[in-house]
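Reading through the structure tokens given below for one structure.
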Amino acid sequence: MVAISILVFVNNRASNALQLVLGLFFKTNGASSRVLSVLSNIGLSVSAMTFERLKKQISDDAIELAITLMLATGIWAIIFDNINIFLRKHSQRVTNHNSMIHATNVAIFGVDTEGIDIDAALDLQAKLDKRGGRYAATFDDILPTPEDNEHMERIFDHLIAEIIVSYAPGSRSWKQRKEMLEKIMELMPRDRPLPPKKSDARPFGVFDVNEGSKVGIVQVLEAIRERSTLSEEEFSAKVRAILGDWLTSNNLRGSRHDRADDINSMERIDYADELSQLFHFALQATHMNMRAHYGHAVSDPTSLAAHKGLLGRKWDVEKPNYAAAKSLIRHSLIARLLHRH
DNA sequence: CCACACTTTATAAGGAGATC
DNA sequence: GATCTCCTTATAAAGTGTGG
């Protein structure tokens with residue numbers, strides 16, 4: 001079969017099923033262009049040039065798939081983040097310095113619209129009309145219902161039970177510890193658990209834009225719009241979810257604040273619905289915990305500040321530090337619970 | 001430090017099949 | 001049979017890394 005494939009390839013260069021797959025294998029496993037050139041000449045592989053073209057084609061096709069999603073009628077979201085690559089040059093010359101690539105990697109993904117009114121969800125004017133409403137908010141707006149309250153109390157009980165069973169001194173030798181933990185997890189109240197669904201994420205390629213600033217956010221959004229083939233009006237006429245890290249959300253808000261008086265929705269970025277990703281929510285939550293409940297090490301010996309000193313933790317609480325903050329909060333909480341217990 | 005290997009990129013061009 | 005399109009390779013130049 002290999003022989004026939006080579007004969008077919010020699011007769012017609014376009015018939016390259018075997019040679020393309022083999023070339024892909026050779027190249028991705030580190031064959032140099034010279035090796036590939038010999039393999040190509042004996043009919044076992046396509047040329048290195050063709051391989052490069054294949055990579056470009058695969059990349060373009062992927063972006064095309066993402067554009068298809070953006071032009072369809074459903075809901076899609078944009079997610080992007082900076083990627084910074086340091087290029088250390090060995091033979092340094094005037095024209096060959098160490099440098100850094102500041103690029104932005106982007107993906108588009110489809111949002112599951114089952115049971116969702118797409119037009120209402122994407123209605124930009126309805127979203128903008130709600131601006132300023134927080135000023136008039138009262139406690140009643142966030143007052144939990146009796147059902148909410150009962151739900152939270154049950155969760156609270158289960159969390160405490162789980163911590164006691166997990167960490168009480170000697171609990172590891174409890175005979176039915178595993179069963180107890182399983183029972184606790186099983187009885188943990190759940191709120192509308194979502195059924196798992198296959199997600200639809202499509203790579204949108206990399207942009208030669210440094211996203212990590214307010215100006216960078218504007219530039220990357222314009223570059224995304226341009227690649228999507230949507231016009232400024234089309235792109236900014238509906239609510240667009242922009243997902244990223246904390247810094248991205250923060251810069252986006254800053255940029256929108258600076259541009260509140262600009263000429264249209266695209267420039268004002270008021271179409272953007274920024275959303276920190278799950279880890280960054282956790283990062284903000286732990287940091288908020290430190291800001292709200294840190295306390296004072298001297299005047300309050302039960303404070304997080306006092307526990308931090310007692311445990312010899314040396315990080316700066318003014319700066320977000322997820323792992324250290326979570327560790328301190330849990331250590332402190334567990335100690336309190338077991339002490340009361 | 002140098003010669004050379006290697007990659008990337010631009011340009012030119014050929015063969016097969018489709019179309020008119 | 002001429003012409004076009006698609007797919008491909010050859011080749012050179014420029015830029016950069018590395019072993020001796």
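Within each chain, counting starts at residue 1; across the structure tokens, chains are named A, B, ... in the order shown, with ligands numbered 1 upward in that order.
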Checklist entry - Using the chain letters and numbers from this document, which residues of segment 6-91 of chain A does DSSP assign to helix (DSSP H, G or I), as a PyMOL selection string? => result chain A and resi 6-11+17-28+33-41+48-71
For the contact check between chain A and chain C, emit one row per residue of chain A within 10 Å, containing the shortest atom pair and the distance in Å rounded to one decimal, counting only C-alpha atoms (C1' of nucleotides), chain then rising number order, as a tab-separated table.
```
residue	atom	partner	partner_atom	distance
A:Asn12	CA	C:DC7	C1'	9.2
A:Arg13	CA	C:DT8	C1'	5.9
A:Ala14	CA	C:DC7	C1'	5.3
A:Ser15	CA	C:DC7	C1'	9.0
A:Asn16	CA	C:DC7	C1'	9.7
A:Ser40	CA	C:DT9	C1'	9.5
A:Asn41	CA	C:DT9	C1'	9.7
A:Val46	CA	C:DT8	C1'	8.6
A:Ser47	CA	C:DT9	C1'	7.2
A:Ala48	CA	C:DT9	C1'	9.7
A:Met49	CA	C:DT9	C1'	8.3
A:Thr50	CA	C:DT8	C1'	7.4
A:Lys89	CA	C:DT16	C1'	8.7
A:His90	CA	C:DG17	C1'	6.9
A:Ser91	CA	C:DG17	C1'	7.1
A:Gln92	CA	C:DT16	C1'	9.5
A:Thr95	CA	C:DG15	C1'	9.7
A:Asn96	CA	C:DT16	C1'	8.4
```
Next on the checklist: as a ChimeraX atom specification, please: the residues near Ala103 of chain A (cut-off 9 Å, only C-alpha atoms (C1' of nucleotides), same-chain neighbours under 2 positions excluded).
Outcome noted: /A:81-85,101,105,206-211
Convert the current residue selection to file output with C-alpha atoms, as a PDB file, in the first residue's frame.
```pdb
ATOM      1  CA  ASP A  81      -5.659  36.403  28.147  1.00  0.00           C
ATOM      2  CA  ASN A  82      -2.135  37.664  27.705  1.00  0.00           C
ATOM      3  CA  ILE A  83       0.658  35.326  26.735  1.00  0.00           C
ATOM      4  CA  ASN A  84       4.165  36.700  27.300  1.00  0.00           C
ATOM      5  CA  ILE A  85       7.110  34.863  25.818  1.00  0.00           C
ATOM      6  CA  ILE A 101       6.478  38.797  22.735  1.00  0.00           C
ATOM      7  CA  ASN A 105      -4.650  34.427  22.910  1.00  0.00           C
ATOM      8  CA  VAL A 206      -3.395  34.859  18.676  1.00  0.00           C
ATOM      9  CA  PHE A 207      -3.248  38.639  18.302  1.00  0.00           C
ATOM     10  CA  ASP A 208      -0.119  40.758  18.264  1.00  0.00           C
ATOM     11  CA  VAL A 209      -1.545  43.027  20.960  1.00  0.00           C
ATOM     12  CA  ASN A 210      -0.493  43.474  24.569  1.00  0.00           C
ATOM     13  CA  GLU A 211      -3.782  43.105  26.387  1.00  0.00           C
TER      14      GLU A 211
END
```
Checklist entry - In segment 144-310 of chain A, what's strand (DSSP E or B) per DSSP? Answer as a PyMOL selection string? => result chain A and resi 200-207+238+240-244+272-276
Item to check | Distance-based interface of chain B with chain A, 12 Å, counting only C-alpha atoms (C1' of nucleotides), as a ChimeraX atom specification | outcome: /B:1,5-10,14-17
Checklist entry - atom CA of Val8 of chain A to atom CA of Val38 of chain A: how many Å, to one decimal? => result 18.3 Å
Next on the checklist: So the first atom is atom CA of His331 of chain A and the second is atom CA of Ile160 of chain A; what is the distance between them in Å, to one decimal place?
Outcome noted: 13.4 Å
Checklist entry - Which residues, written as a PyMOL selection string, have at least one atom at most 12 Å from Arg336 of chain A, with only C-alpha atoms (C1' of nucleotides) counted and residues fewer than 6 positions away on the same chain left out? => result chain A and resi 160+163-164+167-168+302-304+307+329-330
